[in-house]
Amino acid sequence: MTTPAKTRIIETDLDAIADATGRIAVVIGKDGTLNAGARRVNKLAKGALARMVEGGALEGMKSGEVKTLAWPAGLKAEAVDVLFLEPRATALEARRAGAALGKLLGEGGMTVLAASQTRAVDLMQGIALRAYSFTARKTGAKKALGDVTIMVSKADSAQTQADDARAVAEGVFFTRDLVSEPANHLTTTEFASRIKDMEKLGLKVTVLEEDKLEALGMGCLLSVGLGSASPTKMAIMEWMGGKDGDAPLALVGKGVVFDTGGISLKPAAGMEDMTMDMGGAGVVAGVMRTLAQRKARANVVGLVGLVENMPSERATRPGDVVTSMKGDTVEIINTDAEGRLVLADVMWYAQETYKPRAMIDLATLTGAIIIGLGHENAGVFSNDDTLSAAFLKAAGTEGEGAWRMPMGQAYDDQLKSQIADMKNVGGRPAGSITAAQFLKRFVQDGMPWIHLDIAGVASVKSDTDYAPKGATGWGVMALNRLVADMLEQD
Ligand code: BES
Ligand code: MN
Ligand code: ZN
């Protein structure tokens, strides 16, 4: 997997500055005061920084903006990056500013002179998150990123936080790699084996194969994979770092490794993007990785349905009726509405097996959520105001966009079928909401539940705050934060 750049936070070492290779970043606020490290840079570079400030270079600069002095005289560094950031910036400002530096990080590494910056860990986190590229499918020499050293006035308390931040970055990168992989590489089997690999981090991993899924009665999940040569699987990751006997939080993910639409075939234009249709499962796997890496004091179980939606003579037809593990029958009107079928059975299994305290599912479920919310916010659907508020708060803290959507009986009515207990689609109006209503039919009474429709945020066509264009890893940070806030407070 793509590993985050090595980062460390140390106390300012002025004498190391002259010989620092790679890039040197200097953090300056609007009063233009040069911190001790910056003064050393300035002295070595014969007053270049002071001239820059006095010449008005900082005027009009926004928080997180960078101005670069290339090949500075008097230093070994290849560039000095002046980062505009107030010493008392918020965590998110510091993280965004870090991301601006992360974008510049190269093979030579970076030394950041952050002095009294109170958010050094967030700054570091921003650098790590943004310094990502997916190179697994390129040939040729791959350039490893150099190390990042952040120099601050007091480094003592930063180390545990820095370790946790690294665990988060690793989870995010794990998700991004999965989402970026093409479907001929990330088959259901390969996905399951990458999950299985996480056993070495202390997770308990179980992979259920088709015969077992059949015995469990998972007719919805299995119907999606009938047309594919790749076997349908369900992978389960358990992290029981909390108290014995405490009911776990269940995270459920849609892992459609490729979505052609099936017999209700999608148009050719843009179909290649459907390699990301396992994004929900990717986030679940990434969060579980983070929780294991930072040894979270919480019980969390992640369950993902891994399947490929292909047309073939064995594929499910429109008009077919399938039976869910719950026992309800579903008339398949459109084989392209497959994600809800995957989730229905995995959610039911999660509740029957683990009796979780709450359940959150993630899925690249509908194109309609992109029409509604664009690429800025994931759709949040919930039957529980407290849980949903806690999630929205966690997402806000992490700077991951999320917006609550309505639900209601009238939407559910759109799913009525003539011949089965329900249809798998509710028509064009409110397509994301009727999809959520379909899922709600598989949520047991009294189970606090959130459905996150991440179709618009899992992978995007332009750079975001923390990621280059492509897979974002959206949700790993928010869910990790929710686990910390909700389950690790005593
Ligand atoms: N995987 C798609 C949703 C999707 C669309 C994800 C765009 C990411 C980007 C999902 O399986 C799907 O095809 N949904 C259909 C549902 C419709 C048939 C009711 C859709 O949104 O068109
Ligand atoms: Mn589909
Ligand atoms: Zn899909």
# chains A, B, ... in the order shown; residues from 1 in each chain; ligands from 1
$ residues_near_ligand --ligand "ligand 2" --cutoff "12 Å" --atoms "only C-alpha atoms and all ligand atoms" --output "short mmCIF file (atom, residue, chain, number, x, y, z; two decimals) with N, CA, C and O atoms, in the first residue's frame"
data_model
loop_
_atom_site.label_atom_id
_atom_site.label_comp_id
_atom_site.auth_asym_id
_atom_site.auth_seq_id
_atom_site.Cartn_x
_atom_site.Cartn_y
_atom_site.Cartn_z
N VAL A 224 -26.66 -9.95 -7.07
CA VAL A 224 -25.88 -8.91 -7.74
C VAL A 224 -24.68 -9.52 -8.47
O VAL A 224 -24.28 -9.06 -9.54
N LYS A 254 -20.64 -0.95 1.10
CA LYS A 254 -20.93 -1.48 -0.25
C LYS A 254 -19.61 -1.66 -0.99
O LYS A 254 -18.88 -0.70 -1.21
N GLY A 255 -19.33 -2.90 -1.37
CA GLY A 255 -18.08 -3.17 -2.07
C GLY A 255 -18.31 -3.74 -3.46
O GLY A 255 -17.95 -4.87 -3.74
N VAL A 256 -18.92 -2.93 -4.32
CA VAL A 256 -19.12 -3.37 -5.71
C VAL A 256 -17.83 -3.02 -6.47
O VAL A 256 -17.57 -1.85 -6.75
N VAL A 257 -17.01 -4.02 -6.75
CA VAL A 257 -15.69 -3.74 -7.32
C VAL A 257 -15.79 -3.16 -8.72
O VAL A 257 -14.90 -2.43 -9.16
N PHE A 258 -16.87 -3.48 -9.43
CA PHE A 258 -17.19 -2.75 -10.66
C PHE A 258 -18.69 -2.84 -10.90
O PHE A 258 -19.29 -3.89 -10.73
N ASP A 259 -19.25 -1.70 -11.30
CA ASP A 259 -20.69 -1.63 -11.53
C ASP A 259 -20.98 -1.28 -12.99
O ASP A 259 -20.95 -0.11 -13.36
N THR A 260 -21.24 -2.31 -13.79
CA THR A 260 -21.62 -2.04 -15.19
C THR A 260 -23.09 -1.66 -15.28
O THR A 260 -23.55 -1.22 -16.33
N GLY A 261 -23.81 -1.88 -14.18
CA GLY A 261 -25.26 -1.74 -14.22
C GLY A 261 -25.94 -3.10 -14.36
O GLY A 261 -27.11 -3.25 -14.08
N GLY A 262 -25.17 -4.09 -14.84
CA GLY A 262 -25.77 -5.41 -15.07
C GLY A 262 -26.60 -5.38 -16.34
O GLY A 262 -26.28 -4.64 -17.28
N ILE A 263 -27.67 -6.17 -16.40
CA ILE A 263 -28.51 -6.20 -17.60
C ILE A 263 -29.09 -4.80 -17.88
O ILE A 263 -29.24 -4.39 -19.03
N SER A 264 -29.38 -4.04 -16.85
CA SER A 264 -29.77 -2.63 -17.03
C SER A 264 -28.48 -1.83 -17.23
O SER A 264 -28.12 -0.96 -16.42
N LEU A 265 -27.78 -2.13 -18.31
CA LEU A 265 -26.42 -1.65 -18.56
C LEU A 265 -26.30 -0.12 -18.53
O LEU A 265 -27.13 0.58 -19.08
N LYS A 266 -25.24 0.35 -17.93
CA LYS A 266 -24.96 1.79 -17.91
C LYS A 266 -24.48 2.24 -19.29
O LYS A 266 -23.90 1.44 -20.03
N PRO A 267 -24.63 3.52 -19.62
CA PRO A 267 -24.03 4.04 -20.86
C PRO A 267 -22.50 3.95 -20.81
O PRO A 267 -21.93 3.93 -19.71
N MET A 271 -18.29 5.12 -17.73
CA MET A 271 -18.47 3.86 -16.98
C MET A 271 -17.19 3.46 -16.24
O MET A 271 -17.25 2.80 -15.19
N ASP A 273 -15.49 5.07 -14.38
CA ASP A 273 -15.49 5.58 -13.00
C ASP A 273 -16.06 4.57 -12.00
O ASP A 273 -15.87 4.73 -10.79
N MET A 274 -16.77 3.58 -12.51
CA MET A 274 -17.41 2.64 -11.59
C MET A 274 -16.45 1.66 -10.93
O MET A 274 -16.85 0.76 -10.21
N THR A 275 -15.13 1.86 -11.15
CA THR A 275 -14.15 1.14 -10.34
C THR A 275 -14.22 1.62 -8.89
O THR A 275 -13.72 0.94 -8.00
N MET A 276 -14.79 2.80 -8.68
CA MET A 276 -14.86 3.32 -7.30
C MET A 276 -16.13 2.91 -6.56
O MET A 276 -16.40 3.39 -5.48
N ASP A 277 -16.89 1.98 -7.15
CA ASP A 277 -18.17 1.64 -6.54
C ASP A 277 -18.03 0.74 -5.30
O ASP A 277 -19.02 0.31 -4.73
N MET A 278 -16.78 0.51 -4.94
CA MET A 278 -16.52 -0.22 -3.69
C MET A 278 -16.09 0.77 -2.61
O MET A 278 -15.52 0.39 -1.58
N VAL A 307 -18.56 -7.73 -4.35
CA VAL A 307 -19.32 -8.32 -5.45
C VAL A 307 -19.09 -7.48 -6.71
O VAL A 307 -18.72 -6.31 -6.63
N GLU A 308 -19.28 -8.11 -7.87
CA GLU A 308 -19.15 -7.38 -9.12
C GLU A 308 -20.47 -7.47 -9.88
O GLU A 308 -21.05 -8.56 -10.01
N ASN A 309 -20.92 -6.34 -10.40
CA ASN A 309 -22.21 -6.28 -11.11
C ASN A 309 -21.97 -6.30 -12.62
O ASN A 309 -21.62 -5.29 -13.21
N MET A 310 -22.14 -7.49 -13.21
CA MET A 310 -21.85 -7.69 -14.65
C MET A 310 -23.06 -8.28 -15.35
O MET A 310 -23.84 -9.02 -14.75
N PRO A 311 -23.20 -7.99 -16.64
CA PRO A 311 -24.25 -8.66 -17.41
C PRO A 311 -23.72 -9.97 -17.99
O PRO A 311 -22.56 -10.04 -18.38
N ASN A 334 -34.59 -2.63 -11.72
CA ASN A 334 -33.39 -2.13 -12.40
C ASN A 334 -32.17 -2.79 -11.76
O ASN A 334 -31.93 -2.60 -10.56
N THR A 335 -31.43 -3.55 -12.55
CA THR A 335 -30.27 -4.25 -11.97
C THR A 335 -29.14 -3.29 -11.62
O THR A 335 -28.16 -3.68 -10.99
N ASP A 336 -29.27 -2.02 -12.04
CA ASP A 336 -28.27 -1.02 -11.69
C ASP A 336 -28.48 -0.46 -10.28
O ASP A 336 -27.62 0.23 -9.75
N ALA A 337 -29.61 -0.75 -9.68
CA ALA A 337 -29.81 -0.35 -8.28
C ALA A 337 -29.39 -1.53 -7.41
O ALA A 337 -30.20 -2.13 -6.70
N GLU A 338 -28.09 -1.86 -7.50
CA GLU A 338 -27.57 -3.08 -6.87
C GLU A 338 -27.01 -2.84 -5.48
O GLU A 338 -26.97 -3.75 -4.65
N GLY A 339 -26.56 -1.60 -5.21
CA GLY A 339 -25.89 -1.34 -3.93
C GLY A 339 -26.79 -1.63 -2.74
O GLY A 339 -26.37 -2.23 -1.75
N ARG A 340 -28.03 -1.24 -2.85
CA ARG A 340 -28.99 -1.45 -1.75
C ARG A 340 -29.22 -2.93 -1.49
O ARG A 340 -29.52 -3.34 -0.37
N LEU A 341 -29.09 -3.75 -2.56
CA LEU A 341 -29.26 -5.20 -2.39
C LEU A 341 -28.08 -5.78 -1.62
O LEU A 341 -28.23 -6.67 -0.77
N VAL A 342 -26.90 -5.26 -1.92
CA VAL A 342 -25.69 -5.68 -1.21
C VAL A 342 -25.84 -5.34 0.27
O VAL A 342 -25.64 -6.17 1.16
N ALA A 363 -21.98 3.88 1.32
CA ALA A 363 -22.11 3.35 -0.04
C ALA A 363 -22.06 4.47 -1.07
O ALA A 363 -22.59 5.56 -0.85
N THR A 364 -21.43 4.16 -2.20
CA THR A 364 -21.57 5.02 -3.38
C THR A 364 -22.90 4.60 -4.01
O THR A 364 -22.92 3.85 -4.97
N LEU A 365 -23.99 5.08 -3.41
CA LEU A 365 -25.27 4.44 -3.69
C LEU A 365 -26.05 5.03 -4.86
O LEU A 365 -26.63 4.29 -5.64
N THR A 366 -26.05 6.37 -4.96
CA THR A 366 -26.90 6.95 -6.02
C THR A 366 -26.23 8.12 -6.74
O THR A 366 -25.56 8.95 -6.12
N GLY A 367 -26.47 8.18 -8.04
CA GLY A 367 -26.07 9.37 -8.80
C GLY A 367 -26.87 10.57 -8.34
O GLY A 367 -26.40 11.71 -8.40
N ALA A 368 -28.07 10.33 -7.83
CA ALA A 368 -28.94 11.43 -7.43
C ALA A 368 -28.35 12.26 -6.28
O ALA A 368 -28.62 13.46 -6.19
N ASN A 424 -36.92 -2.64 -6.07
CA ASN A 424 -35.58 -2.14 -5.68
C ASN A 424 -35.35 -0.70 -6.11
O ASN A 424 -34.29 -0.15 -5.81
N VAL A 425 -36.31 -0.09 -6.82
CA VAL A 425 -36.18 1.33 -7.13
C VAL A 425 -37.51 2.05 -6.89
O VAL A 425 -38.58 1.45 -6.98
N ALA A 435 -33.71 5.30 -1.99
CA ALA A 435 -32.67 4.29 -1.75
C ALA A 435 -32.46 4.10 -0.25
O ALA A 435 -32.34 2.98 0.24
N ALA A 455 -21.51 8.72 -2.89
CA ALA A 455 -21.25 8.68 -4.35
C ALA A 455 -20.54 9.94 -4.84
O ALA A 455 -19.73 9.88 -5.76
#
$ select_by_dssp --residues "stretch 123-352 of chain A" --states "helix (DSSP H, G or I)" --output "number ranges by chain"
A: 123-130, 158-180, 188-201, 210-216, 219-225, 271-276, 279-293, 339-352
$ residues_around --residues "A:Leu373" --least-positions-apart "4" --cutoff "12 Å" --atoms "only C-alpha atoms" --output "PyMOL selection string"
chain A and resi 366-369+377-380+401-405+432+453-457
$ closest_residue --among "A:Pro429, A:Pro448, A:Gly55, A:Gly225" --to "ligand 3" --atoms "only C-alpha atoms and all ligand atoms"
A:Gly225
$ residues_around --residues "A:Thr472" --least-positions-apart "3" --cutoff "9 Å" --atoms "only C-alpha atoms" --output "list in words"
Val172, Phe173, Thr175, Arg176, Val179, Val457, Ala458, Ser459, Val460, Thr464, Tyr466, Ala467, Pro468, Lys469 and Gly475 of chain A
$ write_last_selection --atoms "all heavy atoms" --output "short mmCIF file (atom, residue, chain, number, x, y, z; two decimals), in the first residue's frame"
data_model
loop_
_atom_site.label_atom_id
_atom_site.label_comp_id
_atom_site.auth_asym_id
_atom_site.auth_seq_id
_atom_site.Cartn_x
_atom_site.Cartn_y
_atom_site.Cartn_z
N VAL A 172 -6.53 6.36 5.78
CA VAL A 172 -6.99 7.14 4.63
C VAL A 172 -6.29 6.67 3.34
O VAL A 172 -6.94 6.47 2.31
CB VAL A 172 -6.72 8.65 4.85
CG1 VAL A 172 -6.99 9.45 3.58
CG2 VAL A 172 -7.60 9.17 6.00
N PHE A 173 -5.00 6.42 3.42
CA PHE A 173 -4.25 5.97 2.23
C PHE A 173 -4.70 4.57 1.81
O PHE A 173 -4.76 4.26 0.62
CB PHE A 173 -2.74 5.97 2.51
CG PHE A 173 -2.10 7.33 2.37
CD1 PHE A 173 -2.83 8.49 2.58
CD2 PHE A 173 -0.75 7.45 2.04
CE1 PHE A 173 -2.24 9.75 2.46
CE2 PHE A 173 -0.15 8.70 1.91
CZ PHE A 173 -0.89 9.85 2.13
N THR A 175 -7.66 3.34 2.14
CA THR A 175 -8.93 3.54 1.44
C THR A 175 -8.69 4.10 0.04
O THR A 175 -9.25 3.62 -0.95
CB THR A 175 -9.83 4.51 2.23
OG1 THR A 175 -10.04 3.97 3.54
CG2 THR A 175 -11.17 4.72 1.54
N ARG A 176 -7.85 5.13 -0.06
CA ARG A 176 -7.60 5.74 -1.38
C ARG A 176 -7.02 4.72 -2.35
O ARG A 176 -7.40 4.70 -3.53
CB ARG A 176 -6.62 6.92 -1.24
CG ARG A 176 -7.24 8.14 -0.59
CD ARG A 176 -6.18 9.25 -0.52
NE ARG A 176 -6.63 10.38 0.27
CZ ARG A 176 -5.81 11.36 0.66
NH1 ARG A 176 -4.52 11.34 0.34
NH2 ARG A 176 -6.28 12.37 1.38
N VAL A 179 -9.80 2.45 -3.54
CA VAL A 179 -10.73 3.15 -4.44
C VAL A 179 -10.08 3.43 -5.79
O VAL A 179 -10.73 3.40 -6.83
CB VAL A 179 -11.23 4.45 -3.77
CG1 VAL A 179 -12.02 5.32 -4.74
CG2 VAL A 179 -12.11 4.12 -2.55
N VAL A 457 -18.53 12.02 -3.03
CA VAL A 457 -17.33 12.44 -2.30
C VAL A 457 -16.21 11.40 -2.26
O VAL A 457 -15.08 11.72 -1.89
CB VAL A 457 -17.67 12.86 -0.84
CG1 VAL A 457 -18.58 14.08 -0.84
CG2 VAL A 457 -18.31 11.70 -0.07
N ALA A 458 -16.50 10.17 -2.65
CA ALA A 458 -15.49 9.11 -2.53
C ALA A 458 -14.33 9.32 -3.50
O ALA A 458 -13.17 9.02 -3.18
CB ALA A 458 -16.13 7.74 -2.77
N SER A 459 -14.65 9.84 -4.68
CA SER A 459 -13.63 10.08 -5.69
C SER A 459 -14.07 11.29 -6.49
O SER A 459 -15.22 11.36 -6.91
CB SER A 459 -13.50 8.85 -6.59
OG SER A 459 -12.48 9.05 -7.54
N VAL A 460 -13.17 12.25 -6.67
CA VAL A 460 -13.58 13.50 -7.32
C VAL A 460 -12.60 13.88 -8.42
O VAL A 460 -11.48 13.40 -8.46
CB VAL A 460 -13.73 14.65 -6.29
CG1 VAL A 460 -14.82 14.33 -5.29
CG2 VAL A 460 -12.41 14.89 -5.58
N THR A 464 -9.02 18.29 -3.71
CA THR A 464 -9.79 18.74 -2.55
C THR A 464 -8.80 19.33 -1.53
O THR A 464 -7.61 19.41 -1.80
CB THR A 464 -10.54 17.57 -1.88
OG1 THR A 464 -9.57 16.60 -1.47
CG2 THR A 464 -11.51 16.91 -2.86
N TYR A 466 -7.57 18.08 1.14
CA TYR A 466 -6.55 17.16 1.66
C TYR A 466 -6.04 16.15 0.66
O TYR A 466 -5.23 15.30 1.02
CB TYR A 466 -7.11 16.37 2.86
CG TYR A 466 -7.76 17.19 3.92
CD1 TYR A 466 -9.01 16.84 4.42
CD2 TYR A 466 -7.12 18.31 4.45
CE1 TYR A 466 -9.62 17.59 5.41
CE2 TYR A 466 -7.73 19.06 5.43
CZ TYR A 466 -8.97 18.69 5.91
OH TYR A 466 -9.57 19.42 6.89
N ALA A 467 -6.57 16.19 -0.55
CA ALA A 467 -6.19 15.12 -1.48
C ALA A 467 -6.08 15.64 -2.90
O ALA A 467 -6.79 16.55 -3.30
CB ALA A 467 -7.24 14.00 -1.42
N PRO A 468 -5.17 15.04 -3.66
CA PRO A 468 -5.15 15.35 -5.10
C PRO A 468 -6.40 14.75 -5.74
O PRO A 468 -7.08 13.94 -5.11
CB PRO A 468 -3.90 14.64 -5.59
CG PRO A 468 -3.68 13.52 -4.63
CD PRO A 468 -4.21 13.99 -3.31
N LYS A 469 -6.69 15.12 -6.98
CA LYS A 469 -7.90 14.59 -7.60
C LYS A 469 -7.86 13.07 -7.64
O LYS A 469 -6.80 12.47 -7.71
CB LYS A 469 -8.10 15.18 -9.00
CG LYS A 469 -7.08 14.83 -10.05
CD LYS A 469 -7.62 15.31 -11.40
CE LYS A 469 -6.65 15.09 -12.53
NZ LYS A 469 -5.71 16.21 -12.71
N GLY A 475 -14.44 10.16 4.97
CA GLY A 475 -15.17 9.39 5.97
C GLY A 475 -14.29 8.65 6.96
O GLY A 475 -14.72 8.38 8.09
#
$ closest_residue --among "A:Gly227, A:Glu170, A:Leu306, A:Leu178" --to "A:Leu213" --atoms "only C-alpha atoms"
A:Leu306
$ residues_around --residues "A:Thr111" --least-positions-apart "3" --cutoff "10 Å" --atoms "only C-alpha atoms" --output "list in words"
Thr7, Arg8, Ile9, Ala16, Ile17, Ala20, Thr21, Gly22, Arg23, Ile24, Ala25, Val26, Ala77, Val80, Asp81, Gly108, Ala114, Asp147, Val148, Thr149, Ile150 and Met151 of chain A
$ write_last_selection --atoms "N, CA, C and O atoms" --output "PDB file, in the first residue's frame"
ATOM      1  N   THR A   7       7.019  11.335   9.147  1.00  0.00           N
ATOM      2  CA  THR A   7       6.958  12.668   9.746  1.00  0.00           C
ATOM      3  C   THR A   7       7.418  12.593  11.204  1.00  0.00           C
ATOM      4  O   THR A   7       7.237  11.573  11.870  1.00  0.00           O
ATOM      5  N   ARG A   8       8.039  13.656  11.665  1.00  0.00           N
ATOM      6  CA  ARG A   8       8.377  13.715  13.092  1.00  0.00           C
ATOM      7  C   ARG A   8       8.302  15.165  13.549  1.00  0.00           C
ATOM      8  O   ARG A   8       8.468  16.102  12.761  1.00  0.00           O
ATOM      9  N   ILE A   9       8.014  15.313  14.833  1.00  0.00           N
ATOM     10  CA  ILE A   9       7.953  16.650  15.415  1.00  0.00           C
ATOM     11  C   ILE A   9       9.067  16.738  16.451  1.00  0.00           C
ATOM     12  O   ILE A   9       9.122  15.925  17.370  1.00  0.00           O
ATOM     13  N   ALA A  16      20.747  22.827  12.484  1.00  0.00           N
ATOM     14  CA  ALA A  16      20.469  21.863  11.403  1.00  0.00           C
ATOM     15  C   ALA A  16      19.971  22.556  10.136  1.00  0.00           C
ATOM     16  O   ALA A  16      19.911  21.944   9.066  1.00  0.00           O
ATOM     17  N   ILE A  17      19.615  23.830  10.291  1.00  0.00           N
ATOM     18  CA  ILE A  17      18.940  24.515   9.179  1.00  0.00           C
ATOM     19  C   ILE A  17      19.844  24.732   7.967  1.00  0.00           C
ATOM     20  O   ILE A  17      19.426  24.497   6.827  1.00  0.00           O
ATOM     21  N   ALA A  20      20.062  21.552   5.989  1.00  0.00           N
ATOM     22  CA  ALA A  20      18.817  20.842   5.639  1.00  0.00           C
ATOM     23  C   ALA A  20      18.675  20.814   4.120  1.00  0.00           C
ATOM     24  O   ALA A  20      18.771  21.850   3.462  1.00  0.00           O
ATOM     25  N   THR A  21      18.467  19.601   3.586  1.00  0.00           N
ATOM     26  CA  THR A  21      18.264  19.479   2.139  1.00  0.00           C
ATOM     27  C   THR A  21      16.756  19.437   1.855  1.00  0.00           C
ATOM     28  O   THR A  21      15.952  19.485   2.778  1.00  0.00           O
ATOM     29  N   GLY A  22      16.395  19.343   0.605  1.00  0.00           N
ATOM     30  CA  GLY A  22      14.970  19.346   0.267  1.00  0.00           C
ATOM     31  C   GLY A  22      14.415  20.743   0.419  1.00  0.00           C
ATOM     32  O   GLY A  22      15.074  21.727   0.084  1.00  0.00           O
ATOM     33  N   ARG A  23      13.226  20.844   0.989  1.00  0.00           N
ATOM     34  CA  ARG A  23      12.606  22.164   1.128  1.00  0.00           C
ATOM     35  C   ARG A  23      12.586  22.593   2.588  1.00  0.00           C
ATOM     36  O   ARG A  23      12.476  21.760   3.486  1.00  0.00           O
ATOM     37  N   ILE A  24      12.660  23.876   2.798  1.00  0.00           N
ATOM     38  CA  ILE A  24      12.461  24.425   4.143  1.00  0.00           C
ATOM     39  C   ILE A  24      11.182  25.247   4.092  1.00  0.00           C
ATOM     40  O   ILE A  24      11.025  26.097   3.211  1.00  0.00           O
ATOM     41  N   ALA A  25      10.265  24.968   5.020  1.00  0.00           N
ATOM     42  CA  ALA A  25       9.056  25.782   5.090  1.00  0.00           C
ATOM     43  C   ALA A  25       9.114  26.653   6.336  1.00  0.00           C
ATOM     44  O   ALA A  25       9.457  26.187   7.416  1.00  0.00           O
ATOM     45  N   VAL A  26       8.812  27.917   6.150  1.00  0.00           N
ATOM     46  CA  VAL A  26       8.831  28.870   7.251  1.00  0.00           C
ATOM     47  C   VAL A  26       7.398  29.324   7.492  1.00  0.00           C
ATOM     48  O   VAL A  26       6.719  29.734   6.551  1.00  0.00           O
ATOM     49  N   ALA A  77      19.141  23.907   1.060  1.00  0.00           N
ATOM     50  CA  ALA A  77      17.776  23.573   0.636  1.00  0.00           C
ATOM     51  C   ALA A  77      17.523  24.019  -0.802  1.00  0.00           C
ATOM     52  O   ALA A  77      18.116  24.982  -1.278  1.00  0.00           O
ATOM     53  N   VAL A  80      12.776  27.679  -0.218  1.00  0.00           N
ATOM     54  CA  VAL A  80      12.176  28.095   1.054  1.00  0.00           C
ATOM     55  C   VAL A  80      10.725  28.438   0.763  1.00  0.00           C
ATOM     56  O   VAL A  80      10.434  29.306  -0.063  1.00  0.00           O
ATOM     57  N   ASP A  81       9.824  27.725   1.421  1.00  0.00           N
ATOM     58  CA  ASP A  81       8.399  27.975   1.242  1.00  0.00           C
ATOM     59  C   ASP A  81       7.895  28.795   2.421  1.00  0.00           C
ATOM     60  O   ASP A  81       7.991  28.361   3.573  1.00  0.00           O
ATOM     61  N   GLY A 108      13.138  15.136  -1.790  1.00  0.00           N
ATOM     62  CA  GLY A 108      14.136  15.714  -0.895  1.00  0.00           C
ATOM     63  C   GLY A 108      13.653  15.906   0.535  1.00  0.00           C
ATOM     64  O   GLY A 108      14.453  16.209   1.424  1.00  0.00           O
ATOM     65  N   ALA A 114       8.095  25.686  12.531  1.00  0.00           N
ATOM     66  CA  ALA A 114       6.757  26.058  12.995  1.00  0.00           C
ATOM     67  C   ALA A 114       6.772  26.741  14.365  1.00  0.00           C
ATOM     68  O   ALA A 114       5.740  27.237  14.813  1.00  0.00           O
ATOM     69  N   ASP A 147      11.487  12.582   3.969  1.00  0.00           N
ATOM     70  CA  ASP A 147      10.943  12.722   5.326  1.00  0.00           C
ATOM     71  C   ASP A 147      10.543  14.164   5.630  1.00  0.00           C
ATOM     72  O   ASP A 147      11.099  15.101   5.065  1.00  0.00           O
ATOM     73  N   VAL A 148       9.619  14.291   6.550  1.00  0.00           N
ATOM     74  CA  VAL A 148       9.164  15.617   6.983  1.00  0.00           C
ATOM     75  C   VAL A 148       9.547  15.809   8.444  1.00  0.00           C
ATOM     76  O   VAL A 148       9.240  14.980   9.293  1.00  0.00           O
ATOM     77  N   THR A 149      10.250  16.905   8.715  1.00  0.00           N
ATOM     78  CA  THR A 149      10.605  17.227  10.095  1.00  0.00           C
ATOM     79  C   THR A 149       9.945  18.549  10.454  1.00  0.00           C
ATOM     80  O   THR A 149      10.134  19.548   9.752  1.00  0.00           O
ATOM     81  N   ILE A 150       9.158  18.523  11.506  1.00  0.00           N
ATOM     82  CA  ILE A 150       8.533  19.768  11.945  1.00  0.00           C
ATOM     83  C   ILE A 150       9.235  20.227  13.213  1.00  0.00           C
ATOM     84  O   ILE A 150       9.311  19.474  14.188  1.00  0.00           O
ATOM     85  N   MET A 151       9.774  21.417  13.161  1.00  0.00           N
ATOM     86  CA  MET A 151      10.480  21.942  14.328  1.00  0.00           C
ATOM     87  C   MET A 151       9.589  22.914  15.080  1.00  0.00           C
ATOM     88  O   MET A 151       9.092  23.881  14.492  1.00  0.00           O
TER      89      MET A 151
END
$ atom_distance --atom1 "atom CA of A:Leu203" --atom2 "atom CA of A:Glu238"
5.6 Å
$ residues_around --residues "A:Met447" --least-positions-apart "3" --cutoff "9 Å" --atoms "only C-alpha atoms" --output "list in words"
Gln351, Lys355, Pro356, Arg357, Ala358, Met359, Asn383, Asp384, Val443 and Gln444 of chain A
$ residues_around --residues "A:Lys142" --least-positions-apart "3" --cutoff "12 Å" --atoms "only C-alpha atoms" --output "list in words"
Thr2, Gly106, Glu107, Ser133, Phe134, Thr135, Ala136, Arg137, Lys138, Thr139 and Leu145 of chain A
$ write_last_selection --atoms "C-alpha atoms" --output "short mmCIF file (atom, residue, chain, number, x, y, z; two decimals), in the first residue's frame"
data_model
loop_
_atom_site.label_atom_id
_atom_site.label_comp_id
_atom_site.auth_asym_id
_atom_site.auth_seq_id
_atom_site.Cartn_x
_atom_site.Cartn_y
_atom_site.Cartn_z
CA THR A 2 1.00 3.62 -0.38
CA GLY A 106 9.10 15.79 -3.01
CA GLU A 107 11.93 13.30 -2.81
CA SER A 133 -0.32 9.76 -5.30
CA PHE A 134 -1.49 6.43 -6.62
CA THR A 135 1.40 4.94 -8.58
CA ALA A 136 0.79 1.19 -8.23
CA ARG A 137 -0.22 0.83 -11.88
CA LYS A 138 2.57 2.96 -13.38
CA THR A 139 5.85 1.47 -14.49
CA LEU A 145 8.73 11.01 -0.70
#
$ closest_residue --among "A:Gly470, A:Gly29, A:Gly245, A:Gly253" --to "ligand 3" --atoms "only C-alpha atoms and all ligand atoms"
A:Gly253
$ closest_residue --among "A:Glu93, A:Glu331, A:Asp385, A:Asp122" --to "A:Lys423" --atoms "only C-alpha atoms"
A:Glu331
$ closest_residue --among "A:Trp239, A:Thr353, A:Gly399, A:Gly280" --to "ligand 3" --atoms "only C-alpha atoms and all ligand atoms"
A:Gly280
$ closest_residue --among "A:Ile419, A:Ile195, A:Met288, A:Leu362" --to "ligand 1" --atoms "only C-alpha atoms and all ligand atoms"
A:Leu362
$ select_by_dssp --residues "stretch 102-344 of chain A" --states "strand (DSSP E or B)" --output "JSON, numbers by chain"
{"A": [110, 111, 112, 113, 114, 115, 148, 149, 150, 151, 152, 204, 205, 206, 207, 208, 233, 234, 235, 236, 237, 238, 239, 240, 249, 250, 251, 252, 253, 254, 255, 256, 257, 258, 259, 299, 300, 301, 302, 303, 304, 305, 306, 307, 308, 309, 321, 322, 323, 329, 330, 331]}
$ atom_distance --atom1 "atom CA of A:Gly279" --atom2 "atom CA of A:Asp246"
28.4 Å
$ atom_distance --atom1 "atom CA of A:Glu400" --atom2 "atom CA of A:Ala89"
18.4 Å
